[in-house]
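Next up, protein34.cif (mmCIF, C-alpha atoms and all ligand atoms):
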```cif
data_structure
#
loop_
_atom_site.label_atom_id
_atom_site.label_comp_id
_atom_site.auth_asym_id
_atom_site.auth_seq_id
_atom_site.Cartn_x
_atom_site.Cartn_y
_atom_site.Cartn_z
CA MET X 1 61.51 -44.41 36.43
CA LEU X 2 60.49 -48.04 36.53
CA ARG X 3 57.59 -47.18 38.81
CA LEU X 4 56.53 -44.42 36.45
CA LEU X 5 56.63 -46.82 33.54
CA LEU X 6 54.58 -49.38 35.42
CA LEU X 7 52.07 -46.75 36.53
CA ALA X 8 51.70 -45.61 32.96
CA LEU X 9 51.19 -49.17 31.71
CA PRO X 10 47.42 -49.58 31.94
CA CYS X 11 46.88 -46.37 29.98
CA LEU X 12 49.26 -47.38 27.26
CA GLY X 13 47.67 -50.72 26.57
CA GLY X 14 50.93 -52.31 27.61
CA SER X 15 52.50 -51.85 24.23
CA VAL X 16 55.22 -49.55 25.60
CA LEU X 17 56.83 -52.56 27.24
CA ALA X 18 57.75 -53.96 23.86
CA PHE X 19 60.90 -51.83 24.08
CA PRO X 20 61.30 -50.53 27.61
CA ALA X 21 63.69 -47.64 28.08
CA GLN X 22 67.18 -48.98 28.51
CA GLY X 23 68.40 -49.37 32.05
CA THR X 24 64.99 -49.57 33.70
CA GLY X 25 65.60 -53.20 34.53
CA ALA X 26 62.16 -54.01 33.16
CA GLU X 27 62.94 -57.44 31.80
CA LEU X 28 60.81 -58.80 29.07
CA VAL X 29 61.46 -62.31 28.95
CA GLY X 30 55.24 -65.77 29.81
CA ILE X 31 52.43 -66.85 29.12
CA VAL X 32 50.05 -67.03 32.07
CA GLY X 33 49.12 -70.55 33.19
CA GLY X 34 51.53 -72.18 30.77
CA ARG X 35 53.74 -75.25 30.79
CA ASN X 36 57.14 -75.91 29.28
CA ALA X 37 56.82 -76.55 25.56
CA PRO X 38 58.71 -79.61 24.32
CA ALA X 39 61.39 -79.08 21.64
CA GLY X 40 59.92 -79.27 18.16
CA GLN X 41 56.29 -78.82 19.24
CA TRP X 42 56.04 -75.27 17.87
CA PRO X 43 58.83 -75.21 15.23
CA TRP X 44 57.70 -71.82 13.86
CA GLN X 45 58.19 -69.95 17.16
CA VAL X 46 60.74 -67.14 16.93
CA SER X 47 62.35 -64.93 19.61
CA LEU X 48 62.85 -61.34 18.47
CA ARG X 49 65.99 -59.75 19.93
CA LYS X 50 67.28 -56.26 20.39
CA PHE X 51 70.82 -55.47 21.50
CA ASN X 52 71.11 -54.35 25.13
CA LYS X 53 74.26 -52.24 25.47
CA HIS X 54 74.38 -52.57 29.26
CA LYS X 55 74.25 -56.35 29.16
CA GLY X 56 76.21 -56.66 25.92
CA GLN X 57 73.60 -59.14 24.86
CA TRP X 58 70.86 -59.58 22.29
CA THR X 59 67.87 -59.59 24.66
CA HIS X 60 64.45 -61.17 24.05
CA ARG X 61 61.83 -58.48 23.37
CA CYS X 62 58.94 -60.12 21.54
CA GLY X 63 57.74 -63.30 19.91
CA GLY X 64 57.26 -63.96 16.22
CA SER X 65 56.51 -66.81 13.84
CA LEU X 66 58.26 -68.17 10.80
CA VAL X 67 55.80 -68.02 7.87
CA HIS X 68 58.38 -68.77 5.16
CA PRO X 69 62.10 -69.73 5.34
CA LYS X 70 62.92 -66.04 4.79
CA TRP X 71 60.01 -64.28 6.56
CA VAL X 72 58.90 -63.75 10.17
CA LEU X 73 55.48 -62.42 11.20
CA THR X 74 55.36 -60.29 14.37
CA ALA X 75 53.47 -57.35 15.92
CA ALA X 76 54.01 -53.84 14.56
CA HIS X 77 54.31 -52.50 18.13
CA CYS X 78 57.38 -54.70 18.57
CA VAL X 79 59.16 -52.79 15.82
CA MET X 80 57.38 -49.48 16.14
CA LEU X 81 60.18 -47.01 16.70
CA THR X 82 60.74 -45.29 13.38
CA THR X 83 64.41 -45.06 14.32
CA LEU X 84 64.60 -48.84 14.63
CA LYS X 85 66.55 -50.26 11.74
CA ALA X 86 66.72 -53.82 10.44
CA TRP X 87 70.25 -54.20 11.86
CA ASP X 88 68.95 -53.40 15.36
CA VAL X 89 66.89 -56.59 15.34
CA ARG X 90 67.82 -60.27 15.16
CA VAL X 91 65.80 -63.46 15.54
CA GLN X 92 66.40 -66.83 17.15
CA VAL X 93 64.79 -69.85 15.50
CA GLY X 94 64.80 -73.54 16.44
CA HIS X 95 65.29 -73.32 20.21
CA VAL X 96 62.87 -73.65 23.12
CA ARG X 97 65.30 -71.98 25.54
CA LEU X 98 66.43 -68.38 25.23
CA TYR X 99 70.18 -67.76 25.30
CA GLU X 100 71.22 -71.42 25.09
CA SER X 101 72.75 -70.80 21.69
CA ASN X 102 74.10 -67.52 20.41
CA GLN X 103 73.27 -68.25 16.81
CA LEU X 104 70.96 -65.48 15.67
CA THR X 105 69.62 -64.68 12.22
CA ARG X 106 70.01 -61.18 10.80
CA VAL X 107 67.07 -59.16 9.54
CA ALA X 108 67.29 -57.44 6.14
CA GLN X 109 64.04 -55.46 6.17
CA ILE X 110 61.21 -54.49 8.51
CA ILE X 111 57.76 -53.98 6.94
CA ARG X 112 55.12 -52.54 9.28
CA HIS X 113 51.50 -52.67 8.18
CA PRO X 114 50.72 -49.30 6.53
CA LYS X 115 47.54 -48.94 8.65
CA TYR X 116 49.39 -49.37 11.96
CA ASN X 117 49.05 -46.12 13.90
CA ASP X 118 52.05 -45.10 16.01
CA HIS X 119 49.95 -42.92 18.30
CA LEU X 120 47.09 -45.36 18.95
CA ARG X 121 49.51 -48.30 18.95
CA ALA X 122 48.04 -51.80 19.42
CA LYS X 123 44.64 -50.29 20.32
CA GLY X 124 44.40 -48.84 16.81
CA GLY X 125 44.60 -52.27 15.13
CA ALA X 126 46.78 -53.45 12.22
CA ASP X 127 49.34 -54.47 14.85
CA ILE X 128 51.21 -56.67 12.43
CA ALA X 129 54.64 -56.54 10.76
CA LEU X 130 56.90 -58.69 8.62
CA LEU X 131 60.63 -59.18 8.98
CA LYS X 132 62.55 -60.29 5.92
CA LEU X 133 65.58 -62.34 6.92
CA GLU X 134 68.98 -61.82 5.32
CA ALA X 135 69.16 -65.47 4.34
CA PRO X 136 66.65 -68.30 4.50
CA VAL X 137 66.86 -70.43 7.65
CA ALA X 138 67.62 -74.14 7.30
CA LEU X 139 64.44 -76.13 7.87
CA SER X 140 64.49 -79.13 10.22
CA GLN X 141 62.42 -80.95 12.80
CA TYR X 142 62.84 -77.82 14.95
CA VAL X 143 62.45 -75.11 12.31
CA ARG X 144 59.34 -75.07 10.13
CA PRO X 145 57.02 -72.33 8.85
CA VAL X 146 53.44 -72.23 10.11
CA PRO X 147 50.65 -72.19 7.52
CA PHE X 148 48.28 -69.27 7.68
CA PRO X 149 44.56 -69.47 7.05
CA PRO X 150 42.56 -68.48 3.97
CA ALA X 151 41.31 -64.89 4.08
CA SER X 152 37.78 -66.30 4.31
CA LEU X 153 38.41 -68.20 7.57
CA SER X 154 36.06 -67.44 10.44
CA VAL X 155 37.44 -68.89 13.65
CA PRO X 156 34.78 -70.67 15.70
CA GLU X 157 34.72 -70.59 19.53
CA MET X 158 37.20 -73.45 19.81
CA SER X 159 40.28 -74.19 21.85
CA CYS X 160 43.66 -73.00 20.49
CA TRP X 161 47.24 -72.51 21.73
CA VAL X 162 49.48 -69.54 22.35
CA THR X 163 53.22 -69.73 23.01
CA GLY X 164 55.93 -67.39 24.21
CA TRP X 165 58.65 -66.36 26.64
CA GLY X 166 56.74 -63.42 28.14
CA MET X 167 55.59 -62.68 31.70
CA ILE X 168 54.04 -65.53 33.68
CA GLU X 169 51.79 -62.98 35.38
CA SER X 170 51.73 -59.18 35.28
CA ASN X 171 55.25 -58.00 36.14
CA ARG X 172 56.56 -61.50 36.81
CA PRO X 173 59.14 -62.54 34.21
CA LEU X 174 59.68 -66.11 33.12
CA PRO X 175 62.58 -67.47 35.21
CA PRO X 176 65.76 -69.11 33.82
CA PRO X 177 66.30 -71.33 31.87
CA TRP X 178 63.59 -69.45 30.00
CA ASN X 179 61.88 -72.46 28.43
CA LEU X 180 59.20 -71.57 25.87
CA GLN X 181 55.72 -71.69 27.47
CA GLN X 182 52.49 -72.99 25.92
CA VAL X 183 48.89 -72.62 27.07
CA GLU X 184 45.54 -73.69 25.65
CA VAL X 185 43.18 -70.73 25.30
CA PRO X 186 39.51 -70.56 24.26
CA ILE X 187 38.60 -68.32 21.30
CA VAL X 188 36.10 -65.67 22.43
CA SER X 189 33.74 -64.25 19.80
CA ASN X 190 34.26 -60.60 18.88
CA GLU X 191 30.74 -59.86 20.01
CA ARG X 192 31.33 -61.21 23.52
CA CYS X 193 34.81 -59.69 23.68
CA ARG X 194 33.47 -56.28 22.67
CA ARG X 195 30.91 -56.38 25.50
CA GLN X 196 33.59 -57.31 28.02
CA TYR X 197 36.02 -54.63 26.88
CA GLN X 198 33.51 -51.76 26.75
CA TRP X 199 34.15 -51.17 30.48
CA VAL X 200 37.77 -50.24 29.88
CA ASP X 201 37.18 -48.20 26.75
CA ILE X 202 38.93 -50.51 24.33
CA SER X 203 37.18 -51.13 21.02
CA ILE X 204 37.44 -54.56 19.49
CA THR X 205 37.45 -54.20 15.71
CA GLU X 206 36.88 -56.85 13.03
CA ASP X 207 40.62 -57.18 12.40
CA MET X 208 41.15 -58.25 16.04
CA LEU X 209 40.53 -61.65 17.60
CA CYS X 210 40.12 -62.48 21.30
CA ALA X 211 41.28 -65.59 23.14
CA GLY X 212 41.95 -66.48 26.75
CA ALA X 213 40.35 -67.05 30.10
CA ARG X 214 41.11 -66.51 33.77
CA LEU X 215 44.72 -67.61 34.31
CA ARG X 216 45.12 -68.68 30.66
CA ASP X 217 46.54 -65.91 28.57
CA SER X 218 49.46 -64.29 26.83
CA CYS X 219 51.26 -61.39 28.53
CA GLN X 220 53.99 -58.78 28.04
CA GLY X 221 56.90 -60.25 26.12
CA ASP X 222 54.65 -62.67 24.21
CA SER X 223 53.66 -59.90 21.80
CA GLY X 224 54.24 -60.73 18.16
CA GLY X 225 54.02 -64.45 18.87
CA PRO X 226 51.57 -66.89 17.30
CA LEU X 227 48.09 -68.05 18.33
CA VAL X 228 47.53 -71.34 16.48
CA CYS X 229 44.50 -73.63 16.09
CA TYR X 230 44.42 -77.22 14.90
CA MET X 231 41.88 -77.19 12.07
CA LYS X 232 41.30 -79.61 9.20
CA SER X 233 44.24 -81.76 10.40
CA THR X 234 46.82 -78.94 10.38
CA TRP X 235 47.98 -76.11 12.62
CA LEU X 236 47.03 -72.65 11.32
CA GLN X 237 48.18 -69.33 12.74
CA VAL X 238 44.99 -67.38 13.40
CA GLY X 239 46.38 -64.60 15.62
CA VAL X 240 49.40 -62.46 16.51
CA VAL X 241 49.72 -61.54 20.22
CA SER X 242 48.90 -57.81 20.41
CA PHE X 243 47.60 -56.44 23.73
CA GLY X 244 44.95 -56.70 26.41
CA HIS X 245 43.77 -55.40 29.76
CA GLY X 246 46.17 -57.04 32.20
CA CYS X 247 47.00 -60.70 31.83
CA GLY X 248 44.84 -63.69 32.73
CA LEU X 249 42.08 -61.56 34.28
CA PRO X 250 38.54 -62.95 34.14
CA ASN X 251 36.43 -61.35 31.36
CA TYR X 252 39.45 -59.73 29.72
CA PRO X 253 40.82 -62.18 27.16
CA GLY X 254 44.00 -61.42 25.24
CA ILE X 255 43.60 -59.41 22.05
CA TYR X 256 45.27 -60.63 18.85
CA ALA X 257 45.68 -59.29 15.33
CA ARG X 258 43.33 -61.50 13.25
CA VAL X 259 45.67 -63.08 10.69
CA SER X 260 42.93 -63.91 8.14
CA SER X 261 42.26 -60.15 7.81
CA TYR X 262 45.85 -59.60 6.75
CA VAL X 263 46.39 -62.50 4.37
CA PRO X 264 46.21 -60.35 1.22
CA TRP X 265 48.85 -57.98 2.69
CA ILE X 266 51.09 -60.87 3.79
CA ARG X 267 50.78 -62.40 0.30
CA GLN X 268 51.90 -59.10 -1.26
CA HIS X 269 55.28 -59.60 0.39
CA VAL X 270 55.73 -63.27 1.18
CA PRO X 271 55.93 -65.62 -1.79
CA LEU X 272 54.25 -68.99 -1.75
CA GLN X 273 56.74 -71.55 -0.55
CA PRO X 274 58.82 -73.30 -3.19
C1 LIG X 301 51.80 -56.66 26.08
O1 LIG X 301 51.91 -55.68 26.77
C2 LIG X 301 50.64 -57.55 26.26
N1 LIG X 301 46.94 -60.46 28.07
C3 LIG X 301 50.54 -58.70 25.51
C4 LIG X 301 49.43 -59.53 25.67
C5 LIG X 301 48.45 -59.23 26.59
C6 LIG X 301 48.55 -58.08 27.36
C7 LIG X 301 49.65 -57.23 27.19
C8 LIG X 301 47.25 -60.14 26.71
O2 LIG X 301 52.65 -56.91 25.24
#
```

Output the file's structure as structure tokens, nothing else.
Ligand code: 4AZ
Amino acid sequence: MLRLLLLALPCLGGSVLAFPAQGTGAELVGIVGGRNAPAGQWPWQVSLRKFNKHKGQWTHRCGGSLVHPKWVLTAAHCVMLTTLKAWDVRVQVGHVRLYESNQLTRVAQIIRHPKYNDHLRAKGGADIALLKLEAPVALSQYVRPVPFPPASLSVPEMSCWVTGWGMIESNRPLPPPWNLQQVEVPIVSNERCRRQYQWVDISITEDMLCAGARLRDSCQGDSGGPLVCYMKSTWLQVGVVSFGHGCGLPNYPGIYARVSSYVPWIRQHVPLQP
């Protein structure tokens, strides 16, 4: 079964791994080419959990980012099952290590982007979702929302950062103690990215953004997590980890949902901070 799932992976754009069938042993706990992130460096990073009956544990499935004390931004493919209810999902905020604390925050509502297509999955775009938390999280040195960019932002070919607890290379999970990983990745223009991806029949649309290089990338389990750039003396979240062709391969950067394209939709739901 596991082998079948892995064989099917390249065709499915990897998004199936967001919630592997239970009992396959396919652990989703990287970032390729990363280093341990220090506590408090990325205070908006969130771990999205789903309950694993066999382990009796809320297991890491995806990343996310705090965009408001009561709202988390993630990928739609992380919460794609229509049967998935808000009570099936919890989030961990304020920790760089998974499972070191069992304090999780409950989710009150899942809002997938209306243009996300369940059949095309991440490849179809609009791979973005919001989770409304039951109660606002307490802000601290370790817990702080990330600002998002103006809708008009065009991201230049600069160097940015992606963070997560996903695979450290294809099919190689992050080992215990599961410290959050960070890696610097170059933004790749949509034009260049489109040329590179034409060979594997993936179309890069305007609402996507590409970043990464050989051995510097996000991977399975990082999905939903933030790509941030330091611009005008602040960090801004410009992307949400979505998919890609493999991880860390030359000429196949990671593909992200372009946050600036979704600012009006995010603003419909998330109030400006008090
Ligand atoms: C995934 O399957 C996935 N190299 C996430 C990111 C990337 C590839 C696959 C980017 O969730």

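Proximity to ligand LIG 301 (chain X) was assessed for X:Tyr252, X:Trp265, X:Phe148, X:Trp235 counting all atoms listed in the file; the smallest distance is recorded for X:Tyr252.
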
In Å, rounded to a single decimal, give me how far CA of Thr163 in chain X is from CA of Val241 in chain X. 9.3 Å

Pick out the closest residue to Gly212 in chain X from this set: X:Leu236, X:Leu48, X:Leu174, X:Ile31. Count all atoms listed in the file. X:Ile31

Which residues are close to Ala129 in chain X, i.e. within 6 Å by all atoms listed in the file, leaving aside same-chain residues fewer than 2 positions away? Reply as a ChimeraX atom specification. /X:73-76,111-113

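Distances from X:His245, X:Lys232, X:Arg258, X:Arg49 to ligand LIG 301 (chain X) were compared using all atoms listed in the file, and the smallest one belongs to X:His245.
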
Excluding range 40-43 of chain X and any residue of its chain fewer than 6 positions from it, enumerate the residues within 6 Å of it, using only C-alpha atoms, and give them as a list in words. Tyr142, Val143 and Arg144 of chain X

For each of X:Ser65, X:Ser260, X:Asn251, X:Gln103, take the minimum atom-to-atom distance to ligand LIG 301 (chain X), counting only C-alpha atoms and all ligand atoms, then give the residue where this is smallest. X:Asn251

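For the choices X:Leu180, X:Met158, X:Met167, X:Val270, the atom-to-atom distance to ligand LIG 301 (chain X) is smallest for X:Met167 when using only C-alpha atoms and all ligand atoms.
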
Find the residues with any atom within 12 Å of (57.5, -74.3, 10.6); use only C-alpha atoms and the coordinates as given in the file, and write the answer as a PyMOL selection string. chain X and resi 40-46+64-72+93-94+137-148+226+228+234-237+273

Among the residues X:Pro136, X:Gly124, X:Gly244, X:Gly166, the one that comes closest to Ala108 in chain X [using all atoms listed in the file]: X:Pro136

Could you name the residues that touch Val183 in chain X at 7 Å or less, counting all atoms listed in the file, but leaving out those on the same chain fewer than 2 positions away, as a ChimeraX atom specification? /X:33-35,161-163,181,185,216

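What separates CA of Gly224 in chain X from CA of Ser242 in chain X is a distance of 6.5 Å.
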
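Using all atoms listed in the file, the residues found no farther than 10 Å from Leu81 in chain X, other than those of its own chain fewer than 4 positions away, are X:Phe19, X:Ala76, X:His77, X:Lys85, X:Asp118.
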
CA of Val89 in chain X to CA of Ile168 in chain X, straight-line distance in Å: 24.1 Å

Write out as a PyMOL selection string each polymer residue whose atoms come within 12 Å of range 195-200 of chain X, counting all atoms listed in the file; drop sequence neighbours fewer than 5 positions from it. chain X and resi 10-11+13+123+188-190+205+210+244-246+249-255
